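Here's the structure, in structure tokens; my notes come after.
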Number of protein chains: 2
Amino acid sequence: MSDAGQKPTSIEHVDLDVLEDTLSFYIRTMNIAVSRDLDERLDGLDVARGTGKITTLLLVDSHPGIRPSVIAQLIMKDRSAMGRLIEQMIDHDLLVRQTSASERRAHELFVTTKGAELAAKIRPIVTKQSKDFFSFIAEEEQAQVMDILRRAYRKMIGMK
Amino acid sequence: MSDAGQKPTSIEHVDLDVLEDTLSFYIRTMNIAVSRDLDERLDGLDVARGTGKITTLLLVDSHPGIRPSVIAQLIMKDRSAMGRLIEQMIDHDLLVRQTSASERRAHELFVTTKGAELAAKIRPIVTKQSKDFFSFIAEEEQAQVMDILRRAYRKMIGMK
DNA sequence: AAATAATAGTTGCATTTGTCCACTATTTGC
DNA sequence: GCAAATAGTGGACAAATGCAACTATTATTT
């Protein structure tokens, strides 16, 4: 009970207890903020909301024929969630799907013309959003954080 | 369209397009991983799942009489979401609520005995989880990332 | 070659969450 | 005293998440 001040009525009176020094807290909280900001910038672009649509579109665009299961690993979704995501994007005429000739269990994904256009459109938005959002952090520090988190991410998904 | 390899069937064949250098991507993705891991460790503790319960419990424990709206700002929820969260925690006998004498619009929150016990129990878990999860990152680098994200967070919620 | 296991994907269901909007009560400012 | 701001509640609705069961296809075992 570190009780920093009586009955705080403003965030200025508050310390975050052990969360103050907990990296996972900041990751989780920044996630909310950055995701909201991103959603705003992508408003109306039928790739907004939720994690995965952007990554899926860009990956399919730059890796034609990629499988759902590969994307699922990269964005840490289970197959059912991934399937639903793809279904949705097919409904929106961004992707098409065909079963692989060599591996008839698997699907191959491709972007439609509309999908390719959207990919081209969001690429700069996504890049800019990240830069803008973290703009008050020095470029150098941004790069540091990114390097570290990139390593974490790769480890996480079992990439070598 | 950087098409790094034909029809990738494994994550090793894939590059992340512009997301490779996008900080927000890593934040969003690490969030998923770290949240899952945390949920596992808190399994059964009726503070698991979703952002906010942990922060709320610890904050109320260390700042008796704190208002819902203050917590809402700190965890970036709107008032209605915050209200539901508190409702839930009251149902679980972790918190109690009373209207403030001086500000009859506002509520003051307090932990119950059960809430205090749970707070004491999860504090080390939360701390350890974060350390463990990022253990393959050098202590020094963890601290760096945390410093930077802490500044980002404070800016974000309008803390000076 | 037949049986078994593993992989890729789909479907349904229950649970949560988040968002938006309208509503009451109280306090503050003019 | 009236209007605006603040604190909190409640309802509706759309998404996302997690889990488990199910089909189809390929790999492995014996």
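FYI, nothing fancy with the structure tokens labels: chains A, B, ... in order, residues from 1 per chain, ligands from 1 as they appear.
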- request: Considering only C-alpha atoms (C1' of nucleotides), return as a ChimeraX atom specification whatever protein or nucleic-acid residues lie within 10 Å of DG10 of chain D, sequence-local ones (same chain, fewer than 4 positions apart) excluded.
  value: /B:80 /C:22-23
Could you produce a table of the residues of chain B lying within 7 Å of chain A, with the nearest pair of atoms per residue and their separation in Å rounded to one decimal, using only C-alpha atoms, ordered by chain and increasing residue number, as a tab-separated table?
```
residue	atom	partner	partner_atom	distance
B:Met1	CA	A:Ser62	CA	5.0
B:Ser2	CA	A:Ser62	CA	5.4
B:Asp3	CA	A:Ser62	CA	4.7
B:Ala4	CA	A:His63	CA	6.8
B:Gly5	CA	A:His63	CA	6.9
B:Gln6	CA	A:His63	CA	6.9
B:Lys7	CA	A:Gly65	CA	4.4
B:Pro8	CA	A:Ile66	CA	5.2
B:Thr9	CA	A:Arg67	CA	6.4
B:Ser10	CA	A:Val70	CA	5.9
B:Ile11	CA	A:Val70	CA	5.8
B:Glu12	CA	A:Met159	CA	6.7
B:Leu16	CA	A:Leu59	CA	6.6
B:Asp17	CA	A:Leu58	CA	6.7
B:Val18	CA	A:Arg123	CA	6.8
B:Thr22	CA	A:Thr127	CA	6.1
B:Leu23	CA	A:Met146	CA	5.6
B:Ser24	CA	A:Ser130	CA	5.4
B:Tyr26	CA	A:Leu149	CA	6.2
B:Ile27	CA	A:Asn31	CA	5.9
B:Arg28	CA	A:Asn31	CA	5.4
B:Thr29	CA	A:Ile75	CA	6.6
B:Met30	CA	A:Tyr153	CA	6.5
B:Asn31	CA	A:Arg28	CA	5.4
B:Val34	CA	A:Ser24	CA	6.6
B:Leu58	CA	A:Asp17	CA	6.7
B:Leu59	CA	A:Leu16	CA	6.6
B:Asp61	CA	A:Met1	CA	6.4
B:Ser62	CA	A:Met1	CA	4.7
B:His63	CA	A:Asp3	CA	5.1
B:Pro64	CA	A:Lys7	CA	6.0
B:Gly65	CA	A:Lys7	CA	4.4
B:Ile66	CA	A:Lys7	CA	4.9
B:Arg67	CA	A:Thr9	CA	6.4
B:Val70	CA	A:Ile11	CA	5.8
B:Ile75	CA	A:Thr29	CA	6.7
B:Arg123	CA	A:Val18	CA	6.8
B:Thr127	CA	A:Thr22	CA	6.1
B:Ser130	CA	A:Ser24	CA	5.4
B:Val145	CA	A:Val145	CA	5.6
B:Met146	CA	A:Leu23	CA	5.6
B:Leu149	CA	A:Tyr26	CA	6.2
B:Arg150	CA	A:Tyr26	CA	6.6
B:Tyr153	CA	A:Met30	CA	6.5
B:Met159	CA	A:Glu12	CA	6.7
```
task: Pick out each residue of chain B that DSSP on the backbone tags as helix (DSSP H, G or I); I need them as an MDAnalysis selection string.
output: chainID B and resid 11:13 17:21 23:41 53:62 68:75 79:91 113:133 139:157
- request: Step one, run DSSP on the backbone; step two, keep only residues of segment 74-126 of chain B assigned to strand (DSSP E); then write them as an MDAnalysis selection string.
  value: chainID B and resid 95:99 107:111
Using the selection just defined, write its residues with N, CA and C atoms as an mmCIF file, in the first residue's frame.
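Once written, again_27.cif looks like this:
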```
data_model
loop_
_atom_site.group_PDB
_atom_site.id
_atom_site.type_symbol
_atom_site.label_atom_id
_atom_site.label_comp_id
_atom_site.auth_asym_id
_atom_site.auth_seq_id
_atom_site.Cartn_x
_atom_site.Cartn_y
_atom_site.Cartn_z
ATOM 1 N N LEU B 95 -13.693 -5.020 -5.061
ATOM 2 C CA LEU B 95 -13.755 -3.584 -4.796
ATOM 3 C C LEU B 95 -15.083 -3.228 -4.141
ATOM 4 N N VAL B 96 -15.098 -2.083 -3.493
ATOM 5 C CA VAL B 96 -16.355 -1.460 -3.101
ATOM 6 C C VAL B 96 -16.324 -0.013 -3.578
ATOM 7 N N ARG B 97 -17.514 0.529 -3.664
ATOM 8 C CA ARG B 97 -17.660 1.860 -4.252
ATOM 9 C C ARG B 97 -18.542 2.695 -3.334
ATOM 10 N N GLN B 98 -18.199 3.947 -3.143
ATOM 11 C CA GLN B 98 -19.113 4.830 -2.438
ATOM 12 C C GLN B 98 -19.030 6.211 -3.056
ATOM 13 N N THR B 99 -20.107 6.951 -2.951
ATOM 14 C CA THR B 99 -20.072 8.271 -3.568
ATOM 15 C C THR B 99 -19.295 9.212 -2.652
ATOM 16 N N HIS B 107 -17.393 8.883 -7.579
ATOM 17 C CA HIS B 107 -17.307 7.720 -6.701
ATOM 18 C C HIS B 107 -15.902 7.569 -6.166
ATOM 19 N N GLU B 108 -15.828 6.951 -5.012
ATOM 20 C CA GLU B 108 -14.525 6.601 -4.473
ATOM 21 C C GLU B 108 -14.435 5.088 -4.403
ATOM 22 N N LEU B 109 -13.312 4.582 -4.803
ATOM 23 C CA LEU B 109 -13.143 3.129 -4.843
ATOM 24 C C LEU B 109 -12.179 2.658 -3.761
ATOM 25 N N PHE B 110 -12.502 1.498 -3.228
ATOM 26 C CA PHE B 110 -11.649 0.893 -2.211
ATOM 27 C C PHE B 110 -11.565 -0.612 -2.458
ATOM 28 N N VAL B 111 -10.479 -1.200 -2.050
ATOM 29 C CA VAL B 111 -10.376 -2.651 -2.175
ATOM 30 C C VAL B 111 -11.033 -3.318 -0.975
#
```
Within 12 Å of DC30 of chain C using only C-alpha atoms (C1' of nucleotides), minus same-chain residues under 3 positions, as an NGL selection string: :D and (1-4)
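Interatomic distance, atom C1' of DA8 of chain C to atom CA of Arg105 of chain A: 5.2 Å.
For DT7 of chain C, the residues within 10 Å (counting only C-alpha atoms (C1' of nucleotides), excluding itself and residues fewer than 2 positions away along the chain) are Arg105 and Ala106 of chain A; DA5 and DG9 of chain C; DT25, DT26 and DA27 of chain D.
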Chain D residues near chain A within 12 Å, closest pair each, using only C-alpha atoms (C1' of nucleotides), as JSON lines:
```
{"residue": "D:DA7", "atom": "C1'", "partner": "A:Thr9", "partner_atom": "CA", "distance": 11.6}
{"residue": "D:DA14", "atom": "C1'", "partner": "A:Arg49", "partner_atom": "CA", "distance": 11.4}
{"residue": "D:DA15", "atom": "C1'", "partner": "A:Gly50", "partner_atom": "CA", "distance": 8.4}
{"residue": "D:DA16", "atom": "C1'", "partner": "A:Gly50", "partner_atom": "CA", "distance": 7.5}
{"residue": "D:DT17", "atom": "C1'", "partner": "A:Ala81", "partner_atom": "CA", "distance": 7.9}
{"residue": "D:DG18", "atom": "C1'", "partner": "A:Asp78", "partner_atom": "CA", "distance": 9.1}
{"residue": "D:DC19", "atom": "C1'", "partner": "A:Ser80", "partner_atom": "CA", "distance": 10.2}
{"residue": "D:DA20", "atom": "C1'", "partner": "A:Ser80", "partner_atom": "CA", "distance": 11.3}
{"residue": "D:DT23", "atom": "C1'", "partner": "A:Arg105", "partner_atom": "CA", "distance": 10.7}
{"residue": "D:DA24", "atom": "C1'", "partner": "A:Arg105", "partner_atom": "CA", "distance": 6.8}
{"residue": "D:DT25", "atom": "C1'", "partner": "A:Arg105", "partner_atom": "CA", "distance": 5.2}
{"residue": "D:DT26", "atom": "C1'", "partner": "A:Arg105", "partner_atom": "CA", "distance": 7.9}
```
Please, could you write that set of residues out with N, CA and C atoms (P, O5', C5', C4', C3', O3' and C1' of nucleotides) as a CSV table (one decimal), in the first residue's frame?
```csv
chain,number,residue,atom,x,y,z
D,7,DA,P,-14.8,14.7,-14.1
D,7,DA,O5',-16.0,13.8,-13.6
D,7,DA,C5',-16.5,13.9,-12.3
D,7,DA,C4',-17.5,12.7,-12.0
D,7,DA,C3',-17.0,11.4,-12.5
D,7,DA,O3',-17.1,10.4,-11.4
D,7,DA,C1',-19.1,11.9,-13.3
D,14,DA,P,-25.3,-4.4,-35.8
D,14,DA,O5',-23.7,-4.3,-36.1
D,14,DA,C5',-23.1,-3.1,-35.9
D,14,DA,C4',-21.6,-3.3,-35.6
D,14,DA,C3',-21.0,-4.4,-36.4
D,14,DA,O3',-19.7,-4.0,-36.9
D,14,DA,C1',-20.7,-4.9,-34.1
D,15,DA,P,-19.0,-4.8,-38.1
D,15,DA,O5',-17.6,-5.1,-37.3
D,15,DA,C5',-17.7,-5.9,-36.2
D,15,DA,C4',-16.4,-5.8,-35.5
D,15,DA,C3',-15.4,-6.9,-36.0
D,15,DA,O3',-14.1,-6.5,-35.9
D,15,DA,C1',-16.2,-7.4,-33.8
D,16,DA,P,-12.9,-7.4,-36.4
D,16,DA,O5',-12.5,-8.1,-35.0
D,16,DA,C5',-12.3,-7.3,-33.8
D,16,DA,C4',-11.8,-8.2,-32.7
D,16,DA,C3',-10.9,-9.3,-33.1
D,16,DA,O3',-9.8,-9.4,-32.2
D,16,DA,C1',-12.8,-10.1,-32.0
D,17,DT,P,-8.9,-10.7,-32.1
D,17,DT,O5',-9.8,-11.7,-31.2
D,17,DT,C5',-10.1,-11.2,-29.9
D,17,DT,C4',-10.0,-12.4,-28.9
D,17,DT,C3',-9.0,-13.5,-29.4
D,17,DT,O3',-8.2,-14.0,-28.3
D,17,DT,C1',-11.2,-14.3,-29.3
D,18,DG,P,-7.4,-15.3,-28.4
D,18,DG,O5',-8.5,-16.4,-27.9
D,18,DG,C5',-9.3,-16.2,-26.8
D,18,DG,C4',-9.9,-17.5,-26.3
D,18,DG,C3',-8.9,-18.7,-26.6
D,18,DG,O3',-9.1,-19.6,-25.5
D,18,DG,C1',-10.9,-18.9,-27.9
D,19,DC,P,-8.3,-21.0,-25.5
D,19,DC,O5',-9.5,-22.0,-26.0
D,19,DC,C5',-10.8,-21.8,-25.5
D,19,DC,C4',-11.7,-22.9,-25.9
D,19,DC,C3',-11.0,-24.3,-26.2
D,19,DC,O3',-11.7,-25.3,-25.5
D,19,DC,C1',-12.4,-23.6,-28.0
D,20,DA,P,-11.1,-26.8,-25.5
D,20,DA,O5',-12.1,-27.5,-26.4
D,20,DA,C5',-13.5,-27.2,-26.4
D,20,DA,C4',-14.2,-27.8,-27.5
D,20,DA,C3',-13.7,-29.2,-28.0
D,20,DA,O3',-14.7,-30.1,-28.2
D,20,DA,C1',-13.8,-27.7,-29.8
D,23,DT,P,-17.1,-35.1,-40.4
D,23,DT,O5',-16.3,-34.3,-41.5
D,23,DT,C5',-17.0,-33.3,-42.3
D,23,DT,C4',-16.1,-32.8,-43.4
D,23,DT,C3',-15.5,-33.9,-44.3
D,23,DT,O3',-15.6,-33.5,-45.6
D,23,DT,C1',-13.8,-32.6,-43.3
D,24,DA,P,-15.2,-34.5,-46.8
D,24,DA,O5',-13.7,-34.0,-47.1
D,24,DA,C5',-13.5,-32.7,-47.5
D,24,DA,C4',-12.0,-32.5,-47.7
D,24,DA,C3',-11.3,-33.6,-48.5
D,24,DA,O3',-10.6,-33.0,-49.6
D,24,DA,C1',-10.1,-33.3,-46.5
D,25,DT,P,-9.9,-34.0,-50.7
D,25,DT,O5',-8.4,-34.0,-50.3
D,25,DT,C5',-7.7,-32.8,-50.1
D,25,DT,C4',-6.4,-33.0,-49.4
D,25,DT,C3',-5.5,-34.0,-50.1
D,25,DT,O3',-4.3,-33.3,-50.4
D,25,DT,C1',-5.6,-34.3,-47.7
D,26,DT,P,-3.2,-34.0,-51.4
D,26,DT,O5',-2.1,-34.5,-50.4
D,26,DT,C5',-1.4,-33.5,-49.6
D,26,DT,C4',-0.7,-34.1,-48.5
D,26,DT,C3',0.4,-35.1,-48.8
D,26,DT,O3',1.6,-34.6,-48.3
D,26,DT,C1',-0.9,-35.9,-47.1
```
Contacts of DT4 of chain C within 12 Å, only C-alpha atoms (C1' of nucleotides), excl. fewer than 4 positions in-chain, as number ranges by chain: D: 27-30
Near Leu45 of chain B, counting only C-alpha atoms (C1' of nucleotides), which residues have an atom at most 12 Å away, once you skip same-chain residues fewer than 4 positions from it, shown as a short mmCIF file (atom, residue, chain, number, x, y, z; two decimals) with C-alpha atoms, in the first residue's frame?
```cif
data_model
loop_
_atom_site.label_atom_id
_atom_site.label_comp_id
_atom_site.auth_asym_id
_atom_site.auth_seq_id
_atom_site.Cartn_x
_atom_site.Cartn_y
_atom_site.Cartn_z
CA LEU B 38 0.10 -12.92 -18.96
CA ASP B 39 -3.36 -14.44 -19.17
CA GLU B 40 -1.87 -17.87 -18.79
CA ARG B 41 -0.03 -16.91 -15.68
CA ARG B 49 -8.21 -11.38 -19.63
CA LYS B 53 -8.41 -5.25 -14.36
CA ILE B 54 -4.86 -5.51 -13.12
CA MET B 89 -14.86 -6.35 -9.99
CA HIS B 92 -16.29 -10.49 -7.70
CA LEU B 94 -12.65 -7.19 -5.09
CA LYS B 114 -10.18 -10.15 -0.90
CA GLY B 115 -9.11 -7.42 -3.30
CA GLU B 117 -5.05 -10.09 -0.99
CA LEU B 118 -5.34 -10.49 -4.72
CA ALA B 119 -3.37 -7.30 -5.29
CA LYS B 121 -0.68 -11.87 -4.93
CA ILE B 122 -0.52 -10.51 -8.44
CA ILE B 125 3.39 -12.24 -10.79
#
```
query: Pick from B:Glu140, B:Arg84, B:Leu57, B:Thr112: nearest to chain C, with only C-alpha atoms (C1' of nucleotides) counted?
result: B:Arg84
message: Counting only C-alpha atoms (C1' of nucleotides), a student should be able to say which residues of chain C come within 8 Å of chain B; what is the right answer, written as a list in words?
response: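 Output check: DG18, DA25, DT26 and DT27 of chain C.
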